[in-house]
Amino acid sequence: MSSNVLALDPIRNLHHEGKPDRAEVEAAVRTIIRWSGENPDREGLIETPARVTRAYEEAFVGYTHDPAAILQKSFDEIEGYDELVVLRGIRFESLCEHHMAPILGRAWVAYMPDGRVVGISKLARVVEAFAKRLQVQEKLTAQIANTIDNVLKPRGVGVLIRASHHCMTTRGVHKADTDLVTSRMLGCFRDDPLLRAEFLSLTA
Ligand SMILES: [Zn+2]
C-alpha cells in the first residue's frame, strides 16, 4: 500500500505524501482495461498492467533527477574560450500534462560561457531530466534555460525546442504534420540580435 515517505520535488519544492506503490498503479491500468470492455485476465493482457507501469516509470524518471545537480560539475580550463557552445537536435520524448500523450521533439541548447563550461553530455541530461515528467513544451523550454542560467551563470542561454504533440497529431484535431516551436533567450541571447540570429541559424 502507500508508503509514507516524503519525496521532495526539486523543481516545485512540493512534498508529495503517500506516493502510490507499483501494485496500485497496476490495478489502475487493469481498471482502464476493464473499462475498455476487455477481459484483463485473458492471456494477451495478463502482463499488460505490469508493462504499462514499467513504461510510465521510464516516462517519469525525470522526477528522480535533480537537473541543477547535473550541472554542478563544471570546468574552467578552457584557454579563455568565450564563443557560442551549441548542442544541436537533442531528441527527447515527453508526455503532455493535459492528455498524458507523447510529445516527441528535439532541443537545441546553447550558452555563452563566462569562464566555465560543462561537459556536453550534461546539457543532454538536463533536457532528459525535465522531459521525463508531465510537461508543457513552453515550461520545458523555460526550465532548461533557467537551470543552465542559474547554475552555470554564463553570459547568456538560448534554448529552442521543436516538437510534435500527439494530443493533436493523432487525436483531437488530428493535424498530423504540425510541430510546435518554442524558445527562451536569456542574457546576451536576449540582448544581442546577431548572436540570437547565429544561434537560430544553427537550429535550421
Ligand atoms: Zn496535450
# chains A, B, ... in the order shown; residues from 1 in each chain; ligands from 1

call {"tool": "residues_near_ligand", "arguments": {"ligand": "ligand 1", "cutoff": "6 Å", "atoms": "only C-alpha atoms and all ligand atoms", "output": "compact mmCIF listing (two decimals) with C-alpha atoms, in the first residue's frame"}}
result
# COMPACT_ATOMS: atom_id res chain seq x y z
CA CYS A 96 1.96 16.36 -22.16
CA HIS A 98 -3.02 17.75 -20.23
CA HIS A 99 -3.54 14.42 -22.02
CA ALA A 101 0.03 11.94 -24.74
CA CYS A 167 -2.59 15.05 -28.31

call {"tool": "select_by_dssp", "arguments": {"residues": "segment 18-84 of chain A", "states": "helix (DSSP H, G or I)", "output": "PyMOL selection string"}}
result
chain A and resi 22-35+43-45+48-59+61-64+67-70

call {"tool": "write_last_selection", "arguments": {"atoms": "N, CA and C atoms", "output": "mmCIF file, in the first residue's frame"}}
result
data_model
loop_
_atom_site.group_PDB
_atom_site.id
_atom_site.type_symbol
_atom_site.label_atom_id
_atom_site.label_comp_id
_atom_site.auth_asym_id
_atom_site.auth_seq_id
_atom_site.Cartn_x
_atom_site.Cartn_y
_atom_site.Cartn_z
ATOM 1 N N ARG A 22 3.645 0.302 -6.683
ATOM 2 C CA ARG A 22 3.503 -0.301 -8.006
ATOM 3 C C ARG A 22 2.201 -1.083 -8.164
ATOM 4 N N ALA A 23 1.804 -1.794 -7.110
ATOM 5 C CA ALA A 23 0.582 -2.614 -7.191
ATOM 6 C C ALA A 23 -0.652 -1.735 -7.429
ATOM 7 N N GLU A 24 -0.669 -0.576 -6.814
ATOM 8 C CA GLU A 24 -1.813 0.342 -7.012
ATOM 9 C C GLU A 24 -1.857 0.855 -8.440
ATOM 10 N N VAL A 25 -0.686 1.141 -9.021
ATOM 11 C CA VAL A 25 -0.654 1.636 -10.402
ATOM 12 C C VAL A 25 -1.098 0.517 -11.352
ATOM 13 N N GLU A 26 -0.616 -0.698 -11.102
ATOM 14 C CA GLU A 26 -1.028 -1.831 -11.950
ATOM 15 C C GLU A 26 -2.540 -2.046 -11.864
ATOM 16 N N ALA A 27 -3.092 -1.892 -10.661
ATOM 17 C CA ALA A 27 -4.543 -2.064 -10.502
ATOM 18 C C ALA A 27 -5.300 -0.992 -11.280
ATOM 19 N N ALA A 28 -4.737 0.229 -11.325
ATOM 20 C CA ALA A 28 -5.385 1.314 -12.074
ATOM 21 C C ALA A 28 -5.385 1.006 -13.572
ATOM 22 N N VAL A 29 -4.279 0.462 -14.081
ATOM 23 C CA VAL A 29 -4.213 0.103 -15.505
ATOM 24 C C VAL A 29 -5.221 -1.009 -15.804
ATOM 25 N N ARG A 30 -5.302 -1.957 -14.878
ATOM 26 C CA ARG A 30 -6.265 -3.053 -15.029
ATOM 27 C C ARG A 30 -7.700 -2.510 -15.092
ATOM 28 N N THR A 31 -7.972 -1.477 -14.311
ATOM 29 C CA THR A 31 -9.294 -0.831 -14.338
ATOM 30 C C THR A 31 -9.572 -0.224 -15.712
ATOM 31 N N ILE A 32 -8.584 0.431 -16.295
ATOM 32 C CA ILE A 32 -8.766 1.020 -17.632
ATOM 33 C C ILE A 32 -9.051 -0.081 -18.656
ATOM 34 N N ILE A 33 -8.332 -1.200 -18.539
ATOM 35 C CA ILE A 33 -8.556 -2.314 -19.477
ATOM 36 C C ILE A 33 -9.985 -2.837 -19.332
ATOM 37 N N ARG A 34 -10.434 -3.010 -18.087
ATOM 38 C CA ARG A 34 -11.819 -3.469 -17.850
ATOM 39 C C ARG A 34 -12.812 -2.481 -18.411
ATOM 40 N N TRP A 35 -12.528 -1.192 -18.229
ATOM 41 C CA TRP A 35 -13.417 -0.118 -18.687
ATOM 42 C C TRP A 35 -13.537 -0.117 -20.206
ATOM 43 N N GLU A 43 -5.069 -14.078 -21.909
ATOM 44 C CA GLU A 43 -3.626 -14.288 -21.934
ATOM 45 C C GLU A 43 -2.848 -13.071 -22.447
ATOM 46 N N GLY A 44 -3.359 -12.465 -23.516
ATOM 47 C CA GLY A 44 -2.627 -11.346 -24.124
ATOM 48 C C GLY A 44 -2.540 -10.111 -23.243
ATOM 49 N N LEU A 45 -3.411 -10.005 -22.257
ATOM 50 C CA LEU A 45 -3.470 -8.789 -21.436
ATOM 51 C C LEU A 45 -2.964 -8.987 -20.007
ATOM 52 N N THR A 48 -0.064 -6.974 -19.139
ATOM 53 C CA THR A 48 -0.104 -5.589 -19.623
ATOM 54 C C THR A 48 -0.020 -4.551 -18.497
ATOM 55 N N PRO A 49 -0.763 -4.704 -17.391
ATOM 56 C CA PRO A 49 -0.631 -3.690 -16.331
ATOM 57 C C PRO A 49 0.808 -3.534 -15.838
ATOM 58 N N ALA A 50 1.538 -4.621 -15.716
ATOM 59 C CA ALA A 50 2.938 -4.533 -15.262
ATOM 60 C C ALA A 50 3.798 -3.822 -16.306
ATOM 61 N N ARG A 51 3.550 -4.137 -17.593
ATOM 62 C CA ARG A 51 4.336 -3.494 -18.663
ATOM 63 C C ARG A 51 4.048 -2.004 -18.739
ATOM 64 N N VAL A 52 2.766 -1.651 -18.635
ATOM 65 C CA VAL A 52 2.395 -0.230 -18.727
ATOM 66 C C VAL A 52 2.994 0.538 -17.549
ATOM 67 N N THR A 53 2.978 -0.076 -16.380
ATOM 68 C CA THR A 53 3.553 0.580 -15.199
ATOM 69 C C THR A 53 5.048 0.815 -15.388
ATOM 70 N N ARG A 54 5.750 -0.186 -15.942
ATOM 71 C CA ARG A 54 7.188 -0.002 -16.205
ATOM 72 C C ARG A 54 7.415 1.108 -17.226
ATOM 73 N N ALA A 55 6.539 1.191 -18.228
ATOM 74 C CA ALA A 55 6.687 2.237 -19.249
ATOM 75 C C ALA A 55 6.514 3.624 -18.626
ATOM 76 N N TYR A 56 5.529 3.752 -17.724
ATOM 77 C CA TYR A 56 5.337 5.052 -17.058
ATOM 78 C C TYR A 56 6.485 5.361 -16.102
ATOM 79 N N GLU A 57 7.022 4.313 -15.510
ATOM 80 C CA GLU A 57 8.171 4.526 -14.631
ATOM 81 C C GLU A 57 9.311 5.175 -15.421
ATOM 82 N N GLU A 58 9.500 4.683 -16.639
ATOM 83 C CA GLU A 58 10.530 5.256 -17.508
ATOM 84 C C GLU A 58 10.143 6.681 -17.925
ATOM 85 N N ALA A 59 8.865 6.877 -18.232
ATOM 86 C CA ALA A 59 8.414 8.202 -18.692
ATOM 87 C C ALA A 59 8.542 9.260 -17.595
ATOM 88 N N VAL A 61 10.898 9.180 -15.084
ATOM 89 C CA VAL A 61 12.173 9.041 -14.361
ATOM 90 C C VAL A 61 12.801 10.403 -14.052
ATOM 91 N N GLY A 62 12.377 11.440 -14.796
ATOM 92 C CA GLY A 62 12.929 12.778 -14.556
ATOM 93 C C GLY A 62 12.677 13.295 -13.148
ATOM 94 N N TYR A 63 11.579 12.822 -12.523
ATOM 95 C CA TYR A 63 11.281 13.286 -11.162
ATOM 96 C C TYR A 63 12.327 12.806 -10.160
ATOM 97 N N THR A 64 13.087 11.777 -10.539
ATOM 98 C CA THR A 64 14.118 11.273 -9.628
ATOM 99 C C THR A 64 15.473 11.955 -9.876
ATOM 100 N N PRO A 67 18.049 18.373 -11.915
ATOM 101 C CA PRO A 67 18.759 18.978 -13.058
ATOM 102 C C PRO A 67 19.870 19.936 -12.624
ATOM 103 N N ALA A 68 19.670 20.639 -11.523
ATOM 104 C CA ALA A 68 20.716 21.567 -11.069
ATOM 105 C C ALA A 68 21.975 20.795 -10.668
ATOM 106 N N ALA A 69 21.775 19.651 -10.017
ATOM 107 C CA ALA A 69 22.924 18.851 -9.585
ATOM 108 C C ALA A 69 23.717 18.336 -10.782
ATOM 109 N N ILE A 70 23.009 18.039 -11.885
ATOM 110 C CA ILE A 70 23.678 17.535 -13.092
ATOM 111 C C ILE A 70 24.710 18.543 -13.593
#

call {"tool": "residues_around", "arguments": {"residues": "Ile90 of chain A", "least_positions_apart": "6", "cutoff": "12 Å", "atoms": "only C-alpha atoms", "output": "PyMOL selection string"}}
result
chain A and resi 104-110+120-128+131+159-163+203

call {"tool": "select_by_dssp", "arguments": {"residues": "segment 86-143 of chain A", "states": "strand (DSSP E or B)", "output": "MDAnalysis selection string"}}
result
chainID A and resid 86:96 102:112 117:118 134:135

call {"tool": "closest_residue", "arguments": {"among": "A:Pro40, A:Pro20, A:Pro193, A:Gly187", "to": "Pro154 of chain A", "atoms": "only C-alpha atoms"}}
result
A:Gly187

call {"tool": "residues_around", "arguments": {"residues": "Leu134 of chain A", "least_positions_apart": "2", "cutoff": "8 Å", "atoms": "only C-alpha atoms", "output": "PDB file with N, CA, C and O atoms, in the first residue's frame"}}
result
ATOM      1  N   PHE A  60       8.523   8.817 -16.336  1.00  0.00           N
ATOM      2  CA  PHE A  60       8.541   9.767 -15.217  1.00  0.00           C
ATOM      3  C   PHE A  60       9.876   9.771 -14.475  1.00  0.00           C
ATOM      4  O   PHE A  60       9.967  10.328 -13.379  1.00  0.00           O
ATOM      5  N   SER A  94       8.546  13.141 -24.240  1.00  0.00           N
ATOM      6  CA  SER A  94       7.924  13.578 -23.008  1.00  0.00           C
ATOM      7  C   SER A  94       6.446  13.205 -23.071  1.00  0.00           C
ATOM      8  O   SER A  94       5.983  12.603 -24.051  1.00  0.00           O
ATOM      9  N   LEU A  95       5.706  13.546 -22.009  1.00  0.00           N
ATOM     10  CA  LEU A  95       4.255  13.350 -22.001  1.00  0.00           C
ATOM     11  C   LEU A  95       3.608  14.684 -21.665  1.00  0.00           C
ATOM     12  O   LEU A  95       4.005  15.334 -20.695  1.00  0.00           O
ATOM     13  N   CYS A  96       2.622  15.093 -22.456  1.00  0.00           N
ATOM     14  CA  CYS A  96       1.961  16.364 -22.163  1.00  0.00           C
ATOM     15  C   CYS A  96       1.111  16.217 -20.904  1.00  0.00           C
ATOM     16  O   CYS A  96       0.515  15.167 -20.663  1.00  0.00           O
ATOM     17  N   GLU A  97       1.126  17.250 -20.110  1.00  0.00           N
ATOM     18  CA  GLU A  97       0.449  17.138 -18.810  1.00  0.00           C
ATOM     19  C   GLU A  97      -1.069  17.238 -18.928  1.00  0.00           C
ATOM     20  O   GLU A  97      -1.775  16.947 -17.974  1.00  0.00           O
ATOM     21  N   MET A 100      -1.505  13.383 -21.161  1.00  0.00           N
ATOM     22  CA  MET A 100      -0.523  12.306 -20.991  1.00  0.00           C
ATOM     23  C   MET A 100      -0.243  11.629 -22.335  1.00  0.00           C
ATOM     24  O   MET A 100      -0.040  10.415 -22.403  1.00  0.00           O
ATOM     25  N   ALA A 131      12.385  16.526 -19.446  1.00  0.00           N
ATOM     26  CA  ALA A 131      11.451  15.948 -20.419  1.00  0.00           C
ATOM     27  C   ALA A 131      10.703  14.757 -19.834  1.00  0.00           C
ATOM     28  O   ALA A 131       9.520  14.539 -20.142  1.00  0.00           O
ATOM     29  N   LYS A 132      11.394  13.967 -19.003  1.00  0.00           N
ATOM     30  CA  LYS A 132      10.772  12.745 -18.470  1.00  0.00           C
ATOM     31  C   LYS A 132       9.898  13.078 -17.262  1.00  0.00           C
ATOM     32  O   LYS A 132      10.087  12.573 -16.147  1.00  0.00           O
ATOM     33  N   VAL A 136       4.571  20.712 -20.298  1.00  0.00           N
ATOM     34  CA  VAL A 136       4.038  21.645 -21.275  1.00  0.00           C
ATOM     35  C   VAL A 136       5.291  22.144 -22.004  1.00  0.00           C
ATOM     36  O   VAL A 136       6.287  22.444 -21.348  1.00  0.00           O
TER      37      VAL A 136
END

call {"tool": "atom_distance", "arguments": {"atom1": "atom CA of Asp76 of chain A", "atom2": "atom CA of Glu198 of chain A"}}
result
24.3 Å

call {"tool": "residues_around", "arguments": {"residues": "Ala204 of chain A", "least_positions_apart": "2", "cutoff": "10 Å", "atoms": "only C-alpha atoms", "output": "list in words"}}
result
Arg88, Gly89, Phe199, Leu200, Ser201 and Leu202 of chain A

call {"tool": "write_last_selection", "arguments": {"atoms": "N, CA and C atoms", "output": "compact mmCIF listing (two decimals), in the first residue's frame"}}
result
# COMPACT_ATOMS: atom_id res chain seq x y z
N ARG A 88 23.16 20.46 -30.58
CA ARG A 88 22.05 20.57 -31.53
C ARG A 88 21.21 19.31 -31.60
N GLY A 89 19.91 19.53 -31.71
CA GLY A 89 19.00 18.44 -32.08
C GLY A 89 18.92 17.29 -31.09
N PHE A 199 22.57 31.74 -33.41
CA PHE A 199 22.02 30.54 -32.78
C PHE A 199 20.87 29.97 -33.61
N LEU A 200 19.95 30.83 -34.01
CA LEU A 200 18.79 30.33 -34.76
C LEU A 200 19.21 29.73 -36.10
N SER A 201 20.28 30.27 -36.71
CA SER A 201 20.74 29.70 -37.99
C SER A 201 21.28 28.28 -37.77
N LEU A 202 21.75 28.00 -36.56
CA LEU A 202 22.28 26.66 -36.26
C LEU A 202 21.17 25.67 -35.90

call {"tool": "decode", "arguments": {"residues": "segment 130-154 of chain A", "atoms": "N, CA, C and O atoms", "output": "CSV table (one decimal), in the first residue's frame"}}
result
chain,number,residue,atom,x,y,z
A,130,PHE,N,14.2,17.1,-17.4
A,130,PHE,CA,12.9,17.8,-17.4
A,130,PHE,C,11.9,17.2,-18.4
A,130,PHE,O,10.7,17.3,-18.2
A,131,ALA,N,12.4,16.5,-19.4
A,131,ALA,CA,11.5,15.9,-20.4
A,131,ALA,C,10.7,14.8,-19.8
A,131,ALA,O,9.5,14.5,-20.1
A,132,LYS,N,11.4,14.0,-19.0
A,132,LYS,CA,10.8,12.7,-18.5
A,132,LYS,C,9.9,13.1,-17.3
A,132,LYS,O,10.1,12.6,-16.1
A,133,ARG,N,9.0,14.0,-17.5
A,133,ARG,CA,8.0,14.4,-16.5
A,133,ARG,C,6.7,14.7,-17.3
A,133,ARG,O,6.7,14.8,-18.5
A,134,LEU,N,5.7,15.0,-16.6
A,134,LEU,CA,4.5,15.6,-17.3
A,134,LEU,C,4.8,17.0,-17.6
A,134,LEU,O,5.2,17.8,-16.7
A,135,GLN,N,4.6,17.4,-18.9
A,135,GLN,CA,5.2,18.6,-19.3
A,135,GLN,C,4.2,19.4,-20.2
A,135,GLN,O,3.2,18.9,-20.8
A,136,VAL,N,4.6,20.7,-20.3
A,136,VAL,CA,4.0,21.6,-21.3
A,136,VAL,C,5.3,22.1,-22.0
A,136,VAL,O,6.3,22.4,-21.3
A,137,GLN,N,5.3,22.2,-23.3
A,137,GLN,CA,6.5,22.5,-24.0
A,137,GLN,C,7.1,23.9,-23.6
A,137,GLN,O,8.3,24.0,-23.5
A,138,GLU,N,6.2,24.8,-23.4
A,138,GLU,CA,6.7,26.2,-23.0
A,138,GLU,C,7.5,26.1,-21.7
A,138,GLU,O,8.5,26.7,-21.5
A,139,LYS,N,6.9,25.3,-20.8
A,139,LYS,CA,7.5,25.2,-19.5
A,139,LYS,C,8.9,24.4,-19.6
A,139,LYS,O,9.9,24.8,-19.0
A,140,LEU,N,8.9,23.3,-20.4
A,140,LEU,CA,10.1,22.6,-20.6
A,140,LEU,C,11.2,23.5,-21.1
A,140,LEU,O,12.3,23.4,-20.6
A,141,THR,N,10.9,24.3,-22.1
A,141,THR,CA,11.9,25.2,-22.7
A,141,THR,C,12.4,26.1,-21.6
A,141,THR,O,13.6,26.3,-21.5
A,142,ALA,N,11.5,26.7,-20.8
A,142,ALA,CA,12.0,27.7,-19.8
A,142,ALA,C,12.8,27.0,-18.7
A,142,ALA,O,13.8,27.6,-18.3
A,143,GLN,N,12.4,25.8,-18.3
A,143,GLN,CA,13.1,25.2,-17.2
A,143,GLN,C,14.5,24.8,-17.6
A,143,GLN,O,15.4,25.0,-16.8
A,144,ILE,N,14.7,24.4,-18.9
A,144,ILE,CA,16.1,24.0,-19.3
A,144,ILE,C,16.9,25.3,-19.3
A,144,ILE,O,18.0,25.3,-18.7
A,145,ALA,N,16.4,26.4,-19.9
A,145,ALA,CA,17.2,27.6,-20.0
A,145,ALA,C,17.5,28.2,-18.6
A,145,ALA,O,18.6,28.6,-18.3
A,146,ASN,N,16.4,28.2,-17.8
A,146,ASN,CA,16.6,28.8,-16.4
A,146,ASN,C,17.6,28.1,-15.6
A,146,ASN,O,18.4,28.7,-14.8
A,147,THR,N,17.6,26.7,-15.7
A,147,THR,CA,18.5,25.9,-14.9
A,147,THR,C,19.9,26.2,-15.3
A,147,THR,O,20.8,26.3,-14.4
A,148,ILE,N,20.2,26.2,-16.6
A,148,ILE,CA,21.6,26.4,-17.1
A,148,ILE,C,22.0,27.8,-16.6
A,148,ILE,O,23.1,28.0,-16.2
A,149,ASP,N,21.1,28.8,-16.7
A,149,ASP,CA,21.4,30.2,-16.4
A,149,ASP,C,21.8,30.2,-14.9
A,149,ASP,O,22.8,30.8,-14.5
A,150,ASN,N,20.9,29.6,-14.0
A,150,ASN,CA,21.1,29.7,-12.6
A,150,ASN,C,22.3,29.0,-12.1
A,150,ASN,O,23.0,29.5,-11.2
A,151,VAL,N,22.6,27.8,-12.7
A,151,VAL,CA,23.7,27.0,-12.1
A,151,VAL,C,25.1,27.4,-12.7
A,151,VAL,O,26.1,27.6,-12.0
A,152,LEU,N,25.1,27.5,-14.1
A,152,LEU,CA,26.4,27.7,-14.7
A,152,LEU,C,26.8,29.2,-14.8
A,152,LEU,O,27.9,29.6,-14.9
A,153,LYS,N,25.8,30.1,-14.6
A,153,LYS,CA,26.0,31.5,-14.7
A,153,LYS,C,26.8,32.0,-15.9
A,153,LYS,O,27.8,32.6,-15.8
A,154,PRO,N,26.3,31.6,-17.1
A,154,PRO,CA,27.0,32.0,-18.3
A,154,PRO,C,26.6,33.4,-18.7
A,154,PRO,O,25.8,34.0,-18.0
